[in-house]
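To keep things clear, I will list the structure first and then write my remarks on it.
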Amino acid sequence: MFFETLKLAIQAIARNPLRSFLTVLGIVIGVGAVIAMVTIGNGTTARVAADIAKLGSNLLFVRPGQFGPGRSSAEAKPFNARDIAALKTQLHRARAVAPAAQTIVTAIYGTESRNTTISGTDNDFFTALDWQLTQGRSFLEGEIRSGRAACIIGETVRDELFGNAEALGQRIRVNKVSCEVIGLLAAKGQSSFGTDRDDIIVMPLRTFQRRIAGNTNITAIYISARDGVQTAKVQADIERLLRERRNIGPGAEDDFSVRDMKEVAQTLTATTTVLTGLLGAVAGVSLLVGGIGIMNIMLVSVTERTREIGIRLAIGAQESQVLLQFLVEAIVLSLFGGVIGIMAGLGIAALATRAIQIPFVLDPMIVFFAFAFSALVGVLFGYFPARRAARLNPIDALRHE
Amino acid sequence: MHSPADKSPALIELKAVSKIYGAGMAEVRALDSVDLSIDDGEFVAIMGPSGSGKSTAMNMLGCLDRPSSGRYLFKGVDVGALSRNQRALLRRHYLGFVFQGFNLLARTSAVENVELPLIYRGIAAAPRRRQAMKALAHVGLAGREHHSPGELSGGQQQRVAIARAIATRPAVLLADEPTGNLDTKTSLEIMELLERLNRDEGLTVIMVTHEAEMAAYAGRIIHFLDGRIDHDATNRDAA
Ligand SMILES: Nc1ncnc2c1ncn2[C@@H]1O[C@H](COP(=O)(O)OP(=O)(O)OP(=O)(O)O)[C@@H](O)[C@H]1O
Ligand SMILES: [Mg+2]
């Protein structure tokens, strides 16, 4: 009898293709939207997490002034070479302490030119940021001390200026300074903020101060903790040392700030989680709209279906048989719509993740949830009006208007 | 045929059955304390003016509706005491019903409509299709089996409804104006079919009709008036 009921249900579905199509459509929209949105959201989160891992998880970033709205690091007293020397000798838990000063310059090679960021620093910069050289070498001790015009360039700068030509050993002009390319940095790609991290030139700090900036300000310090050391401890060391050096009395506020990049990472991850939630909410609305669509179709067809139920009851169907038929009908439509919805959702997610270059992260729970919800709506609105009709006297069901 | 003093219980027995629609001033007594007894194998015609309660009585006999008061005994069993499921089984195994308004499933072919009660009887697909085709042939619809109600004339739909009611070979055929939409020639063919089923297979036929010509086939004619039986007589002219 179950097989017969399945056949009856499929007949009923085929008999009214428009109603069946609209019901399936409602489910497809709901399921598809949820799966697509959440998968895209998860991909974004995964992308951010991966970027953060590339940043170096034990990295601390120090700059003058406080972070936050209405505060500017430009007004705060910059760091100086003695601060760096003190940090390098006294921070036992730090693996690398890299001073940095930055500005925007125009780099020129032959007829090619590019506006890029230039950083004055030392070799600890590469250690702290865990950044390898693909060719050439890092700075020599003598170059750092003497302030020789030696540059290590990022992949974007190399590509823009040299294209396929050999860069190593060539001289580029940075503002008015002629500078030899002694090394090439490995490509890091875009940061989560969308900036190109390979768009950079690195030179010794002293060279930068004398020939580019014209002052001895150090506006940032990158510090990486030793393996197995908690960054919080290093952070406390840095804060103590710098307060002392900058003569900040007890109770006074720091005039510098230390950022644990892991925290930044966590904030960012939290943001993307919110984003995912938001996408999920949009998807939830689609689910609801799909559900209401299904509900409408079911309610519009209730008169015809009630009469059908009346006919079936009148010629000898039992209430349970009629209900089983309607239940099977709703389940078949829901399954069908659910499967198409899952495929459509995954398809859209696959295209979108490829287009915006994020990983395709599938959450089976969401697939299950979206499917279950739509199936529930389909079954609920297919089944309950039918149940009401099947409880009528056959003649009342037949007379339904 | 009609003998109230029969020792075995009548096939169908209504005892003081009333059906009241509405309440208060708007109250309509569609059936007013009707007593009726019909034996197995009878061919009964029910006549009467429009609104006299004929369809209401048929719905009662077909277990499609429940009386406001009174008792309905089928083969001596009190139908009012049966559960919904038991009444469904009674309809399935004993009754065939032709509705005044046909009540066919829309967008469903004639043969599938006729098959419907056979499905609920649990008859396998192949014999079911054969039986349905045969019933359609009986009512002169051979060649129209795969048309849906929307593609059939009123008379053809009526004949599909008749085929559906007789396809299960029920004990009782309840037909509410089965020839209401048919021309005289087709009507007479249908009546001959019903008469043959009644005579050869012992099918009990209860039929509502407005036409004396059709009622003439019945062995007993019952006249309804204002929800009551006005008179009830054996038809001596019946063939
Ligand atoms: N569902 C209902 N609600 C209220 N009144 C009803 C209902 N069904 C029938 N009636 C009333 O009951 C009475 C009997 O109706 P019924 O359908 O039995 O008449 P009938 O003899 O079959 O008439 P016809 O020859 O026109 O088919 C009528 O007055 C009708 O208005
Ligand atoms: Mg009537």
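Residue numbering restarts at 1 in every chain; chains get A, B, ... in the order shown in the structure tokens, and ligands count up from 1 in that same order.
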
Practice item. All residues within 7 Å of ligand 1 are required, counting only C-alpha atoms and all ligand atoms; please report them as a list in words. Key: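 Going residue by residue within 7 Å of ligand 1, we get Tyr21, Gly22, Val28, Arg29, Ala30, Gly48, Pro49, Ser50, Gly51, Ser52, Gly53, Lys54, Ser55, Thr56, Ala57 and Gly227 of chain B.
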
Would you put the residues from that selection into a file with C-alpha atoms, as an mmCIF file, in the first residue's frame?
data_model
loop_
_atom_site.group_PDB
_atom_site.id
_atom_site.type_symbol
_atom_site.label_atom_id
_atom_site.label_comp_id
_atom_site.auth_asym_id
_atom_site.auth_seq_id
_atom_site.Cartn_x
_atom_site.Cartn_y
_atom_site.Cartn_z
ATOM 1 C CA TYR B 21 -29.544 22.419 8.640
ATOM 2 C CA GLY B 22 -29.134 25.767 10.367
ATOM 3 C CA VAL B 28 -34.264 23.690 7.462
ATOM 4 C CA ARG B 29 -35.565 20.182 8.031
ATOM 5 C CA ALA B 30 -34.058 18.541 4.962
ATOM 6 C CA GLY B 48 -39.858 14.327 -5.650
ATOM 7 C CA PRO B 49 -39.631 18.043 -6.239
ATOM 8 C CA SER B 50 -36.422 19.969 -5.979
ATOM 9 C CA GLY B 51 -35.425 20.605 -2.379
ATOM 10 C CA SER B 52 -37.540 17.779 -1.028
ATOM 11 C CA GLY B 53 -34.549 16.060 0.591
ATOM 12 C CA LYS B 54 -33.653 13.391 -1.981
ATOM 13 C CA SER B 55 -29.940 14.141 -2.103
ATOM 14 C CA THR B 56 -29.840 14.541 1.663
ATOM 15 C CA ALA B 57 -31.328 11.076 2.029
ATOM 16 C CA GLY B 227 -38.257 16.003 3.819
#

Practice item. Just the strand (DSSP E) stuff from stretch 55-162 of chain B, please, per backbone DSSP, written as a list in words. Key: Ser69, Gly70, Arg71, Tyr72, Leu73, Phe74, Val77, Asp78, Leu95, Gly96, Phe97 and Val98 of chain B

Write out the residues from the selection above, keeping C-alpha atoms, as a PDB file, in the first residue's frame.
ATOM      1  CA  SER B  69     -31.257  12.305  14.875  1.00  0.00           C
ATOM      2  CA  GLY B  70     -32.508   8.800  14.192  1.00  0.00           C
ATOM      3  CA  ARG B  71     -30.686   5.600  13.338  1.00  0.00           C
ATOM      4  CA  TYR B  72     -29.307   4.108  10.169  1.00  0.00           C
ATOM      5  CA  LEU B  73     -28.876   0.343  10.096  1.00  0.00           C
ATOM      6  CA  PHE B  74     -26.849  -1.275   7.330  1.00  0.00           C
ATOM      7  CA  VAL B  77     -25.462  -2.738  11.965  1.00  0.00           C
ATOM      8  CA  ASP B  78     -25.954   0.692  13.480  1.00  0.00           C
ATOM      9  CA  LEU B  95     -21.265   1.175  -1.612  1.00  0.00           C
ATOM     10  CA  GLY B  96     -20.917   2.833  -4.962  1.00  0.00           C
ATOM     11  CA  PHE B  97     -21.980   6.449  -5.184  1.00  0.00           C
ATOM     12  CA  VAL B  98     -22.865   8.582  -8.209  1.00  0.00           C
TER      13      VAL B  98
END

Kindly provide the residues of stretch 251-297 of chain A that approach stretch 10-28 of chain A to within 10 Å, each paired with its closest atom pair and their distance in Å to one decimal, based on only C-alpha atoms, listed by chain and increasing number, as CSV.
residue,atom,partner,partner_atom,distance
A:Ser286,CA,A:Gly26,CA,9.1
A:Leu287,CA,A:Ile27,CA,7.7
A:Leu288,CA,A:Gly26,CA,9.2
A:Val289,CA,A:Gly26,CA,7.6
A:Gly290,CA,A:Gly26,CA,4.0
A:Gly291,CA,A:Gly26,CA,6.3
A:Ile292,CA,A:Gly26,CA,8.0
A:Gly293,CA,A:Gly26,CA,5.6
A:Ile294,CA,A:Thr23,CA,5.0
A:Met295,CA,A:Thr23,CA,8.5
A:Asn296,CA,A:Thr23,CA,9.1
A:Ile297,CA,A:Arg19,CA,6.5

Point to revise | Within 8 Å of chain B: residues of chain A, using only C-alpha atoms, as a PyMOL selection string | key: chain A and resi 1+4+15-16+308+311-319+393-396+398

Take the residues from that selection and put them in a file with N, CA, C and O atoms, as an mmCIF file, in the first residue's frame.
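Printed below is part-v2.cif as written:
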data_model
loop_
_atom_site.group_PDB
_atom_site.id
_atom_site.type_symbol
_atom_site.label_atom_id
_atom_site.label_comp_id
_atom_site.auth_asym_id
_atom_site.auth_seq_id
_atom_site.Cartn_x
_atom_site.Cartn_y
_atom_site.Cartn_z
ATOM 1 N N MET A 1 0.831 -1.208 0.000
ATOM 2 C CA MET A 1 0.000 0.000 0.000
ATOM 3 C C MET A 1 0.861 1.253 0.000
ATOM 4 O O MET A 1 0.508 2.256 -0.595
ATOM 5 N N GLU A 4 1.640 2.123 -3.449
ATOM 6 C CA GLU A 4 0.460 2.728 -4.078
ATOM 7 C C GLU A 4 0.331 4.191 -3.662
ATOM 8 O O GLU A 4 0.027 5.056 -4.472
ATOM 9 N N ARG A 15 -0.200 16.034 -11.620
ATOM 10 C CA ARG A 15 -1.482 16.566 -12.085
ATOM 11 C C ARG A 15 -1.536 18.081 -12.001
ATOM 12 O O ARG A 15 -2.265 18.727 -12.720
ATOM 13 N N ASN A 16 -0.769 18.629 -11.066
ATOM 14 C CA ASN A 16 -0.800 20.079 -10.934
ATOM 15 C C ASN A 16 0.612 20.641 -10.986
ATOM 16 O O ASN A 16 1.183 21.024 -9.971
ATOM 17 N N GLU A 308 -10.889 17.214 -3.305
ATOM 18 C CA GLU A 308 -10.224 15.954 -3.658
ATOM 19 C C GLU A 308 -10.278 14.980 -2.482
ATOM 20 O O GLU A 308 -10.568 13.790 -2.647
ATOM 21 N N ILE A 311 -13.692 13.520 -2.200
ATOM 22 C CA ILE A 311 -13.919 12.460 -3.189
ATOM 23 C C ILE A 311 -13.265 11.169 -2.724
ATOM 24 O O ILE A 311 -13.879 10.096 -2.721
ATOM 25 N N ARG A 312 -12.007 11.292 -2.284
ATOM 26 C CA ARG A 312 -11.293 10.087 -1.863
ATOM 27 C C ARG A 312 -11.979 9.414 -0.675
ATOM 28 O O ARG A 312 -12.139 8.195 -0.636
ATOM 29 N N LEU A 313 -12.412 10.250 0.285
ATOM 30 C CA LEU A 313 -13.100 9.683 1.446
ATOM 31 C C LEU A 313 -14.401 9.019 1.009
ATOM 32 O O LEU A 313 -14.746 7.934 1.466
ATOM 33 N N ALA A 314 -15.138 9.675 0.092
ATOM 34 C CA ALA A 314 -16.452 9.183 -0.322
ATOM 35 C C ALA A 314 -16.345 7.826 -1.003
ATOM 36 O O ALA A 314 -17.242 6.999 -0.883
ATOM 37 N N ILE A 315 -15.260 7.590 -1.733
ATOM 38 C CA ILE A 315 -15.169 6.303 -2.421
ATOM 39 C C ILE A 315 -14.401 5.271 -1.619
ATOM 40 O O ILE A 315 -14.035 4.230 -2.140
ATOM 41 N N GLY A 316 -14.152 5.564 -0.342
ATOM 42 C CA GLY A 316 -13.675 4.495 0.522
ATOM 43 C C GLY A 316 -12.275 4.636 1.078
ATOM 44 O O GLY A 316 -11.767 3.719 1.703
ATOM 45 N N ALA A 317 -11.617 5.794 0.854
ATOM 46 C CA ALA A 317 -10.305 5.980 1.454
ATOM 47 C C ALA A 317 -10.474 6.258 2.938
ATOM 48 O O ALA A 317 -11.444 6.884 3.343
ATOM 49 N N GLN A 318 -9.530 5.751 3.742
ATOM 50 C CA GLN A 318 -9.553 6.084 5.152
ATOM 51 C C GLN A 318 -8.760 7.359 5.365
ATOM 52 O O GLN A 318 -7.874 7.692 4.581
ATOM 53 N N GLU A 319 -9.133 8.043 6.451
ATOM 54 C CA GLU A 319 -8.452 9.297 6.795
ATOM 55 C C GLU A 319 -6.928 9.124 6.751
ATOM 56 O O GLU A 319 -6.213 9.934 6.162
ATOM 57 N N ASN A 393 -16.797 15.448 7.553
ATOM 58 C CA ASN A 393 -17.654 14.462 6.914
ATOM 59 C C ASN A 393 -17.352 14.536 5.433
ATOM 60 O O ASN A 393 -17.157 15.631 4.900
ATOM 61 N N PRO A 394 -17.339 13.405 4.731
ATOM 62 C CA PRO A 394 -17.027 13.463 3.299
ATOM 63 C C PRO A 394 -17.890 14.495 2.568
ATOM 64 O O PRO A 394 -17.387 15.225 1.716
ATOM 65 N N ILE A 395 -19.143 14.582 2.933
ATOM 66 C CA ILE A 395 -20.034 15.481 2.199
ATOM 67 C C ILE A 395 -19.647 16.943 2.438
ATOM 68 O O ILE A 395 -19.749 17.768 1.529
ATOM 69 N N ASP A 396 -19.166 17.238 3.639
ATOM 70 C CA ASP A 396 -18.750 18.626 3.917
ATOM 71 C C ASP A 396 -17.465 18.962 3.167
ATOM 72 O O ASP A 396 -17.290 20.084 2.690
ATOM 73 N N LEU A 398 -16.678 17.651 0.342
ATOM 74 C CA LEU A 398 -17.086 17.772 -1.067
ATOM 75 C C LEU A 398 -17.731 19.119 -1.353
ATOM 76 O O LEU A 398 -17.619 19.650 -2.446
#

Practice item. Could you give me the residues within stretch 35-260 of chain A that DSSP places in alpha helix (DSSP H), as number ranges by chain? Key: A: 35-55, 81-90, 124-128, 141-146, 155-162, 205-207, 231-245

Exercise for review: Compile the contact shell of A:Thr303 as a list in words: residues with an atom at most 9 Å away, counting only C-alpha atoms, same-chain residues fewer than 6 positions apart removed.
Suggested key: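 Once the adjacent positions are removed, what remains is Ala397, His400 and Glu401 of chain A.
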
Written file, previous selection with N, CA, C and O atoms, as a PDB file, in the first residue's frame:
ATOM      1  N   ALA A 397     -16.590  17.978   3.060  1.00  0.00           N
ATOM      2  CA  ALA A 397     -15.362  18.197   2.293  1.00  0.00           C
ATOM      3  C   ALA A 397     -15.704  18.419   0.816  1.00  0.00           C
ATOM      4  O   ALA A 397     -15.140  19.281   0.149  1.00  0.00           O
ATOM      5  N   HIS A 400     -17.048  21.902   0.070  1.00  0.00           N
ATOM      6  CA  HIS A 400     -16.174  23.011   0.461  1.00  0.00           C
ATOM      7  C   HIS A 400     -16.061  24.056  -0.644  1.00  0.00           C
ATOM      8  O   HIS A 400     -15.885  23.730  -1.801  1.00  0.00           O
ATOM      9  N   GLU A 401     -16.194  25.315  -0.245  1.00  0.00           N
ATOM     10  CA  GLU A 401     -16.107  26.386  -1.260  1.00  0.00           C
ATOM     11  C   GLU A 401     -14.974  27.326  -0.923  1.00  0.00           C
ATOM     12  O   GLU A 401     -14.765  27.654   0.220  1.00  0.00           O
TER      13      GLU A 401
END
